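Novice: The following file, model.cif, comprises mmCIF, C-alpha atoms:
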```cif
data_structure
#
loop_
_atom_site.label_atom_id
_atom_site.label_comp_id
_atom_site.auth_asym_id
_atom_site.auth_seq_id
_atom_site.Cartn_x
_atom_site.Cartn_y
_atom_site.Cartn_z
CA MET E 1 27.51 13.21 29.92
CA SER E 2 28.33 16.40 28.02
CA LEU E 3 27.67 17.72 24.53
CA LYS E 4 30.88 19.76 24.65
CA LYS E 5 34.01 18.46 22.96
CA PRO E 6 37.06 17.81 25.16
CA GLU E 7 40.22 19.84 24.63
CA GLU E 8 42.24 16.65 24.08
CA LYS E 9 41.45 13.32 22.47
CA LEU E 10 40.14 10.78 24.95
CA LEU E 11 41.04 7.78 22.80
CA VAL E 12 44.26 7.39 20.79
CA ASP E 13 45.15 4.13 19.01
CA GLY E 14 42.78 2.20 21.25
CA LYS E 15 44.28 3.64 24.44
CA ARG E 16 42.31 5.84 26.81
CA ILE E 17 43.49 9.15 28.26
CA ASP E 18 45.04 7.37 31.27
CA GLY E 19 46.62 4.61 29.17
CA ARG E 20 44.03 1.92 29.85
CA LYS E 21 42.40 -0.42 27.35
CA ALA E 22 38.66 -0.11 26.77
CA ASN E 23 37.82 -2.99 29.13
CA GLU E 24 40.49 -2.24 31.76
CA LEU E 25 39.77 -1.13 35.33
CA ARG E 26 41.74 1.48 37.21
CA LYS E 27 43.85 0.42 40.19
CA ILE E 28 41.52 -0.72 42.97
CA GLU E 29 42.18 -0.30 46.69
CA MET E 30 39.76 -1.46 49.38
CA GLU E 31 39.95 -1.45 53.17
CA VAL E 32 37.35 -2.10 55.88
CA GLY E 33 37.17 -0.96 59.51
CA VAL E 34 38.54 2.50 58.78
CA ILE E 35 36.19 4.37 61.16
CA PRO E 36 36.43 2.91 64.69
CA ASN E 37 33.23 4.45 66.09
CA ALA E 38 31.03 3.15 63.23
CA ASN E 39 29.42 -0.31 63.30
CA GLY E 40 30.99 -0.90 59.89
CA SER E 41 33.08 1.16 57.50
CA ALA E 42 35.11 0.96 54.31
CA LYS E 43 37.39 3.01 52.10
CA VAL E 44 37.37 2.29 48.37
CA ALA E 45 39.51 3.84 45.65
CA PHE E 46 39.23 3.40 41.90
CA GLY E 47 42.24 5.27 40.57
CA ASN E 48 42.01 8.82 41.91
CA THR E 49 38.40 8.47 43.06
CA ILE E 50 38.35 7.86 46.82
CA VAL E 51 35.20 7.20 48.85
CA VAL E 52 34.61 6.38 52.52
CA ALA E 53 31.40 4.74 53.76
CA ALA E 54 30.18 4.25 57.34
CA VAL E 55 27.26 2.20 58.66
CA TYR E 56 25.42 2.76 61.94
CA GLY E 57 22.84 0.22 63.05
CA PRO E 58 20.62 -1.65 62.98
CA ARG E 59 19.30 0.44 65.88
CA THR E 60 15.84 1.34 67.16
CA LEU E 61 14.25 4.02 65.02
CA HIS E 62 12.86 7.12 66.68
CA PRO E 63 10.31 8.65 66.47
CA LYS E 64 8.24 5.47 66.50
CA HIS E 65 5.81 6.56 63.79
CA LEU E 66 8.66 6.21 61.26
CA GLN E 67 9.22 2.55 62.15
CA LEU E 68 8.34 -0.22 59.68
CA TYR E 69 6.71 -3.11 61.51
CA ASP E 70 7.97 -5.80 59.10
CA ARG E 71 11.50 -4.68 58.23
CA ALA E 72 14.33 -2.26 58.88
CA LEU E 73 14.42 1.15 57.27
CA LEU E 74 17.55 1.70 55.17
CA GLN E 75 18.69 5.32 54.92
CA CYS E 76 21.56 6.37 52.65
CA ARG E 77 23.29 9.73 52.44
CA TYR E 78 25.76 10.45 49.63
CA ASN E 79 27.87 13.58 49.92
CA MET E 80 30.83 15.09 48.09
CA ALA E 81 33.34 16.83 50.34
CA PRO E 82 33.91 20.48 49.36
CA PHE E 83 37.57 19.67 48.63
CA SER E 84 36.83 16.56 46.53
CA VAL E 85 36.88 18.45 43.22
CA GLU E 86 39.20 21.06 41.68
CA GLU E 87 36.72 23.91 42.07
CA ARG E 88 35.56 23.95 45.68
CA LYS E 89 32.08 22.51 45.98
CA SER E 90 29.43 24.26 48.08
CA PRO E 91 28.74 22.24 51.24
CA GLY E 92 25.32 20.74 51.85
CA PRO E 93 23.00 18.52 49.79
CA SER E 94 22.39 19.19 46.11
CA ARG E 95 19.78 17.75 43.74
CA ARG E 96 22.43 15.37 42.43
CA SER E 97 23.48 14.13 45.88
CA ILE E 98 19.84 13.60 46.88
CA GLU E 99 19.22 11.59 43.69
CA ILE E 100 22.36 9.48 44.19
CA SER E 101 21.43 8.86 47.84
CA LYS E 102 18.09 7.47 46.65
CA VAL E 103 19.48 5.22 43.91
CA THR E 104 22.18 3.96 46.29
CA ARG E 105 19.48 2.87 48.72
CA LEU E 106 17.60 1.14 45.90
CA ALA E 107 20.80 -0.60 44.78
CA LEU E 108 21.56 -1.93 48.27
CA GLU E 109 18.09 -2.88 49.56
CA PRO E 110 17.71 -6.14 47.55
CA ALA E 111 20.96 -7.46 49.05
CA ILE E 112 20.02 -6.93 52.71
CA PHE E 113 17.79 -9.13 54.89
CA LEU E 114 15.89 -6.08 56.15
CA GLU E 115 13.09 -8.31 57.47
CA GLU E 116 15.50 -9.59 60.14
CA TYR E 117 15.38 -6.23 61.95
CA PRO E 118 11.83 -4.81 62.05
CA GLN E 119 11.28 -1.37 63.61
CA THR E 120 14.96 -0.46 63.27
CA VAL E 121 17.02 1.82 61.04
CA ILE E 122 20.30 1.22 59.23
CA ASP E 123 22.08 4.45 58.35
CA VAL E 124 24.66 4.48 55.56
CA TYR E 125 26.84 7.56 55.09
CA ILE E 126 28.93 7.89 51.94
CA GLU E 127 31.54 10.63 51.65
CA VAL E 128 33.46 11.31 48.44
CA ILE E 129 36.94 12.40 49.52
CA GLN E 130 38.38 12.77 46.03
CA ALA E 131 36.38 12.74 42.78
CA ASP E 132 37.75 11.57 39.44
CA GLY E 133 34.73 9.95 37.82
CA SER E 134 32.39 7.10 38.75
CA THR E 135 31.76 8.37 42.29
CA ARG E 136 28.22 6.94 42.36
CA VAL E 137 29.30 3.34 41.75
CA THR E 138 32.40 3.67 43.93
CA GLY E 139 30.10 4.80 46.75
CA ILE E 140 27.89 1.75 46.28
CA ASN E 141 30.92 -0.56 46.44
CA ALA E 142 32.09 1.15 49.63
CA ALA E 143 28.62 1.02 51.20
CA SER E 144 28.27 -2.69 50.40
CA LEU E 145 31.60 -3.40 52.10
CA ALA E 146 30.70 -1.26 55.11
CA LEU E 147 27.41 -3.13 55.55
CA ALA E 148 29.24 -6.46 55.49
CA ASP E 149 31.83 -5.09 57.93
CA ALA E 150 28.98 -4.11 60.26
CA GLY E 151 27.72 -7.70 60.25
CA VAL E 152 24.44 -6.82 58.56
CA PRO E 153 23.01 -10.06 57.07
CA MET E 154 23.24 -9.90 53.27
CA ARG E 155 22.27 -12.17 50.39
CA ASP E 156 25.45 -11.12 48.63
CA LEU E 157 27.78 -8.16 48.29
CA VAL E 158 26.78 -5.54 45.74
CA VAL E 159 29.27 -4.75 42.97
CA ALA E 160 28.92 -1.54 40.97
CA LEU E 161 30.74 -0.22 37.90
CA SER E 162 30.21 2.42 35.24
CA GLY E 163 30.22 1.91 31.50
CA GLY E 164 30.27 4.43 28.71
CA LYS E 165 31.02 5.26 25.11
CA ILE E 166 33.86 7.42 23.82
CA GLU E 167 34.33 8.01 20.08
CA ASP E 168 32.17 4.96 19.26
CA THR E 169 34.21 2.76 21.63
CA LEU E 170 32.57 1.10 24.64
CA ILE E 171 34.56 1.51 27.87
CA ILE E 172 34.23 0.65 31.57
CA ASP E 173 35.16 2.40 34.83
CA LEU E 174 35.05 5.98 33.55
CA CYS E 175 37.56 8.49 34.88
CA GLY E 176 36.61 12.14 35.36
CA LYS E 177 37.20 13.41 31.82
CA GLU E 178 35.50 10.36 30.33
CA ASP E 179 32.59 10.92 32.71
CA ASN E 180 32.29 14.53 31.55
CA TYR E 181 32.53 13.92 27.81
CA SER E 182 31.18 10.42 27.22
CA GLU E 183 28.50 9.91 24.59
CA ALA E 184 26.67 7.64 27.05
CA ASP E 185 27.01 6.68 30.70
CA ILE E 186 25.67 3.51 32.34
CA PRO E 187 26.00 2.88 36.09
CA LEU E 188 25.26 -0.77 36.91
CA ALA E 189 25.04 -2.50 40.30
CA PHE E 190 24.46 -6.22 40.76
CA MET E 191 24.87 -9.19 43.08
CA PRO E 192 27.55 -11.36 41.44
CA ARG E 193 26.51 -14.74 42.84
CA ASN E 194 23.27 -14.89 40.84
CA LYS E 195 23.90 -11.91 38.50
CA GLU E 196 20.84 -10.09 39.88
CA ILE E 197 20.83 -6.44 38.80
CA THR E 198 19.94 -3.99 41.57
CA LEU E 199 20.60 -0.73 39.71
CA LEU E 200 20.68 0.15 36.02
CA GLN E 201 20.63 3.72 34.72
CA MET E 202 21.56 5.25 31.39
CA ASP E 203 22.36 8.78 30.32
CA GLY E 204 22.84 9.31 26.58
CA ARG E 205 22.09 7.03 23.64
CA LEU E 206 23.24 3.52 22.84
CA GLU E 207 22.02 0.96 20.33
CA PRO E 208 20.37 -2.13 21.89
CA LYS E 209 23.33 -4.30 20.83
CA GLU E 210 25.71 -1.81 22.46
CA VAL E 211 23.74 -1.95 25.72
CA LYS E 212 24.00 -5.76 25.76
CA ARG E 213 27.72 -5.60 25.07
CA ILE E 214 28.52 -2.96 27.69
CA LEU E 215 26.53 -4.86 30.32
CA LYS E 216 28.54 -8.01 29.58
CA MET E 217 31.77 -6.01 29.86
CA ILE E 218 30.72 -4.57 33.22
CA VAL E 219 29.61 -7.92 34.66
CA LYS E 220 32.86 -9.59 33.58
CA ALA E 221 34.99 -6.80 35.07
CA GLY E 222 32.79 -6.89 38.16
CA GLU E 223 34.19 -10.33 38.98
CA LYS E 224 37.52 -8.68 39.81
CA VAL E 225 35.79 -6.05 41.97
CA TYR E 226 33.94 -8.84 43.81
CA GLU E 227 37.23 -10.62 44.53
CA GLU E 228 38.73 -7.37 45.83
CA GLN E 229 35.73 -6.87 48.13
CA LYS E 230 36.06 -10.37 49.58
CA LYS E 231 39.81 -9.94 49.92
CA ALA E 232 39.31 -6.72 51.92
CA LEU E 233 36.86 -8.44 54.29
CA ARG E 234 39.11 -11.47 54.77
CA GLY E 235 42.09 -9.19 55.35
CA LYS E 236 40.48 -7.63 58.41
CA TYR E 237 40.03 -10.96 60.15
CA GLU E 238 43.37 -12.42 59.10
CA GLU E 239 45.30 -9.62 60.83
#
```
Turn this file's structure into structure tokens for me.

Specialist:
Amino acid sequence: MSLKKPEEKLLVDGKRIDGRKANELRKIEMEVGVIPNANGSAKVAFGNTIVVAAVYGPRTLHPKHLQLYDRALLQCRYNMAPFSVEERKSPGPSRRSIEISKVTRLALEPAIFLEEYPQTVIDVYIEVIQADGSTRVTGINAASLALADAGVPMRDLVVALSGGKIEDTLIIDLCGKEDNYSEADIPLAFMPRNKEITLLQMDGRLEPKEVKRILKMIVKAGEKVYEEQKKALRGKYEE
């Protein structure tokens, strides 16, 4: 979210800068099994945002003093490739990537039967190849698919989408410019089967009635994302 004004209008006659309606998703592409040497992997694209996720494990955790006796340890690492943005990004972790790594782990943990694999570790690596908004939620979608591809037992897949507000209009699946100049930004992750929310954050200000409305918009649009996830998983085994 930014207090600066964009150089061009982000909403004209109800159409967004990329021609979408307020409640319209960008083109979605999903594929699993993209990294042969990983236990599970996925590539997910929302418009021009492209993310790859890889899962390694469950495997025995060393050193032993880090092991959890009653469940697996889930470790997530989110990273933006230096070439993922227009101005080359410095390599290595930043405060933002560390924060997103943490919230990604929190978003995924409720969906995984971690108690099935005590004293082990499941490593999830998320790499943003190309960034055009909503990289956090795209990474969660990719990680969820990669976990399923790895055969990790899950209660449900995790679906994640962003919501926001541009010129008093509520929108979903923010692109880069919308991400930069939105009046509010809400990343939401949930398990569609029982509508259990696993991540909810908000940057900016929204009225309570606006929050309720944007959450409904995200959950409804999330049904399409869920179908795309299942389609990608089925596609691997139908080949």

Novice: Once the PyMOL selection byres ((chain E and resi 160) around 6) is applied to the coordinates I shared, what remains selected? I want it as an mmCIF file with C-alpha atoms, in the frame of the given file.

Specialist:
```cif
data_model
loop_
_atom_site.group_PDB
_atom_site.id
_atom_site.type_symbol
_atom_site.label_atom_id
_atom_site.label_comp_id
_atom_site.auth_asym_id
_atom_site.auth_seq_id
_atom_site.Cartn_x
_atom_site.Cartn_y
_atom_site.Cartn_z
ATOM 1 C CA VAL E 137 29.300 3.340 41.750
ATOM 2 C CA ASN E 141 30.920 -0.560 46.440
ATOM 3 C CA VAL E 159 29.270 -4.750 42.970
ATOM 4 C CA LEU E 161 30.740 -0.220 37.900
ATOM 5 C CA LEU E 188 25.260 -0.770 36.910
ATOM 6 C CA ALA E 189 25.040 -2.500 40.300
#
```

Novice: Using all atoms listed in the file, can you list as a VMD selection string the residues within 7 Å of (41.5, -5.4, 48.0)?

Specialist: chain E and resid 28 to 31 228 to 229 231 to 232

Novice: Written as a PDB file with C-alpha atoms, keeping the file's coordinate frame, what is the full residue list that the PyMOL selection byres ((chain E and resi 45) around 12) yields on the file shown?

Specialist:
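Done, and the output landed in out34.pdb:
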```pdb
ATOM      1  CA  LEU E  25      39.770  -1.130  35.330  1.00  0.00           C
ATOM      2  CA  ARG E  26      41.740   1.480  37.210  1.00  0.00           C
ATOM      3  CA  LYS E  27      43.850   0.420  40.190  1.00  0.00           C
ATOM      4  CA  ILE E  28      41.520  -0.720  42.970  1.00  0.00           C
ATOM      5  CA  GLU E  29      42.180  -0.300  46.690  1.00  0.00           C
ATOM      6  CA  MET E  30      39.760  -1.460  49.380  1.00  0.00           C
ATOM      7  CA  GLU E  31      39.950  -1.450  53.170  1.00  0.00           C
ATOM      8  CA  ALA E  42      35.110   0.960  54.310  1.00  0.00           C
ATOM      9  CA  LYS E  43      37.390   3.010  52.100  1.00  0.00           C
ATOM     10  CA  VAL E  44      37.370   2.290  48.370  1.00  0.00           C
ATOM     11  CA  PHE E  46      39.230   3.400  41.900  1.00  0.00           C
ATOM     12  CA  GLY E  47      42.240   5.270  40.570  1.00  0.00           C
ATOM     13  CA  ASN E  48      42.010   8.820  41.910  1.00  0.00           C
ATOM     14  CA  THR E  49      38.400   8.470  43.060  1.00  0.00           C
ATOM     15  CA  ILE E  50      38.350   7.860  46.820  1.00  0.00           C
ATOM     16  CA  VAL E  51      35.200   7.200  48.850  1.00  0.00           C
ATOM     17  CA  VAL E  52      34.610   6.380  52.520  1.00  0.00           C
ATOM     18  CA  ALA E  53      31.400   4.740  53.760  1.00  0.00           C
ATOM     19  CA  VAL E 128      33.460  11.310  48.440  1.00  0.00           C
ATOM     20  CA  ILE E 129      36.940  12.400  49.520  1.00  0.00           C
ATOM     21  CA  GLN E 130      38.380  12.770  46.030  1.00  0.00           C
ATOM     22  CA  ALA E 131      36.380  12.740  42.780  1.00  0.00           C
ATOM     23  CA  ASP E 132      37.750  11.570  39.440  1.00  0.00           C
ATOM     24  CA  GLY E 133      34.730   9.950  37.820  1.00  0.00           C
ATOM     25  CA  SER E 134      32.390   7.100  38.750  1.00  0.00           C
ATOM     26  CA  THR E 135      31.760   8.370  42.290  1.00  0.00           C
ATOM     27  CA  VAL E 137      29.300   3.340  41.750  1.00  0.00           C
ATOM     28  CA  THR E 138      32.400   3.670  43.930  1.00  0.00           C
ATOM     29  CA  GLY E 139      30.100   4.800  46.750  1.00  0.00           C
ATOM     30  CA  ILE E 140      27.890   1.750  46.280  1.00  0.00           C
ATOM     31  CA  ASN E 141      30.920  -0.560  46.440  1.00  0.00           C
ATOM     32  CA  ALA E 142      32.090   1.150  49.630  1.00  0.00           C
ATOM     33  CA  ASP E 173      35.160   2.400  34.830  1.00  0.00           C
ATOM     34  CA  CYS E 175      37.560   8.490  34.880  1.00  0.00           C
ATOM     35  CA  VAL E 225      35.790  -6.050  41.970  1.00  0.00           C
ATOM     36  CA  GLU E 228      38.730  -7.370  45.830  1.00  0.00           C
ATOM     37  CA  GLN E 229      35.730  -6.870  48.130  1.00  0.00           C
TER      38      GLN E 229
END
```

Novice: Write out as a PyMOL selection string each polymer residue whose atoms come within 12 Å of Asp179 (chain E), counting all atoms listed in the file; drop sequence neighbours fewer than 2 positions from it.

Specialist: chain E and resi 1-3+6+10+17+131-136+162-166+171-177+181-187+203-204

Novice: Measure the distance from CA of Met191 (chain E) to CA of Arg155 (chain E) in Å and round it to one decimal.

Specialist: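 Value for the CA of Met191 (chain E)-CA of Arg155 (chain E) distance: 8.3 Å.
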
Novice: Take the PyMOL selection byres ((chain E and resi 99-104) around 10), run it mentally on this structure, and tell me the resulting residues as a PDB file with C-alpha atoms, in the frame of the given file.

Specialist:
```pdb
ATOM      1  CA  GLN E  75      18.690   5.320  54.920  1.00  0.00           C
ATOM      2  CA  CYS E  76      21.560   6.370  52.650  1.00  0.00           C
ATOM      3  CA  ARG E  77      23.290   9.730  52.440  1.00  0.00           C
ATOM      4  CA  TYR E  78      25.760  10.450  49.630  1.00  0.00           C
ATOM      5  CA  ASN E  79      27.870  13.580  49.920  1.00  0.00           C
ATOM      6  CA  PRO E  93      23.000  18.520  49.790  1.00  0.00           C
ATOM      7  CA  SER E  94      22.390  19.190  46.110  1.00  0.00           C
ATOM      8  CA  ARG E  95      19.780  17.750  43.740  1.00  0.00           C
ATOM      9  CA  ARG E  96      22.430  15.370  42.430  1.00  0.00           C
ATOM     10  CA  SER E  97      23.480  14.130  45.880  1.00  0.00           C
ATOM     11  CA  ILE E  98      19.840  13.600  46.880  1.00  0.00           C
ATOM     12  CA  ARG E 105      19.480   2.870  48.720  1.00  0.00           C
ATOM     13  CA  LEU E 106      17.600   1.140  45.900  1.00  0.00           C
ATOM     14  CA  ALA E 107      20.800  -0.600  44.780  1.00  0.00           C
ATOM     15  CA  LEU E 108      21.560  -1.930  48.270  1.00  0.00           C
ATOM     16  CA  GLU E 109      18.090  -2.880  49.560  1.00  0.00           C
ATOM     17  CA  VAL E 124      24.660   4.480  55.560  1.00  0.00           C
ATOM     18  CA  TYR E 125      26.840   7.560  55.090  1.00  0.00           C
ATOM     19  CA  ILE E 126      28.930   7.890  51.940  1.00  0.00           C
ATOM     20  CA  THR E 135      31.760   8.370  42.290  1.00  0.00           C
ATOM     21  CA  ARG E 136      28.220   6.940  42.360  1.00  0.00           C
ATOM     22  CA  VAL E 137      29.300   3.340  41.750  1.00  0.00           C
ATOM     23  CA  GLY E 139      30.100   4.800  46.750  1.00  0.00           C
ATOM     24  CA  ILE E 140      27.890   1.750  46.280  1.00  0.00           C
ATOM     25  CA  ASN E 141      30.920  -0.560  46.440  1.00  0.00           C
ATOM     26  CA  ALA E 143      28.620   1.020  51.200  1.00  0.00           C
ATOM     27  CA  SER E 144      28.270  -2.690  50.400  1.00  0.00           C
ATOM     28  CA  ALA E 189      25.040  -2.500  40.300  1.00  0.00           C
ATOM     29  CA  THR E 198      19.940  -3.990  41.570  1.00  0.00           C
ATOM     30  CA  LEU E 199      20.600  -0.730  39.710  1.00  0.00           C
ATOM     31  CA  LEU E 200      20.680   0.150  36.020  1.00  0.00           C
ATOM     32  CA  GLN E 201      20.630   3.720  34.720  1.00  0.00           C
TER      33      GLN E 201
END
```

Novice: How far is it from CA of Val32 (chain E) to CA of Glu196 (chain E), in Å with one decimal?

Specialist: 24.3 Å

Novice: Just checking: using only C-alpha atoms, which residue out of E:Leu73, E:Leu68, E:Val158, E:Ala221 ends up closest to Pro192 (chain E)?

Specialist: E:Val158

Novice: Nearest to Lys224 (chain E): which of E:Gly14, E:Glu24, E:Ala111, E:Leu61 is it, counting only C-alpha atoms?

Specialist: E:Glu24

Novice: With distances taken over all atoms listed in the file, which residue among E:Asp168, E:Lys64, E:Tyr56, E:Gly33 lies nearest Glu207 (chain E)?

Specialist: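 The shortest atom-to-atom distance to Glu207 (chain E) comes from E:Asp168.
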
Novice: Just checking: using only C-alpha atoms, which residue out of E:Val55, E:Lys220, E:Met80, E:Gly151 ends up closest to Asn37 (chain E)?

Specialist: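 Of E:Val55, E:Lys220, E:Met80, E:Gly151, the one nearest Asn37 (chain E) is E:Val55, counting only C-alpha atoms.
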
Novice: Which value, in Å to one decimal, gives the distance between CA of Thr60 (chain E) and CA of Ala150 (chain E)?

Specialist: 15.8 Å

Novice: Compile the contact shell of Glu210 (chain E) as a ChimeraX atom specification: residues with an atom at most 8 Å away, counting only C-alpha atoms, same-chain residues fewer than 4 positions apart removed.

Specialist: /E:170,206,214

Novice: Those same residues, written as a PDB file, keeping the file's coordinate frame with C-alpha atoms?

Specialist:
```pdb
ATOM      1  CA  LEU E 170      32.570   1.100  24.640  1.00  0.00           C
ATOM      2  CA  LEU E 206      23.240   3.520  22.840  1.00  0.00           C
ATOM      3  CA  ILE E 214      28.520  -2.960  27.690  1.00  0.00           C
TER       4      ILE E 214
END
```

Novice: Which residues are close to Pro153 (chain E), i.e. within 8 Å by all atoms listed in the file, leaving aside same-chain residues fewer than 4 positions away? Reply as JSON, numbers by chain.

Specialist: {"E": [112, 113, 148]}
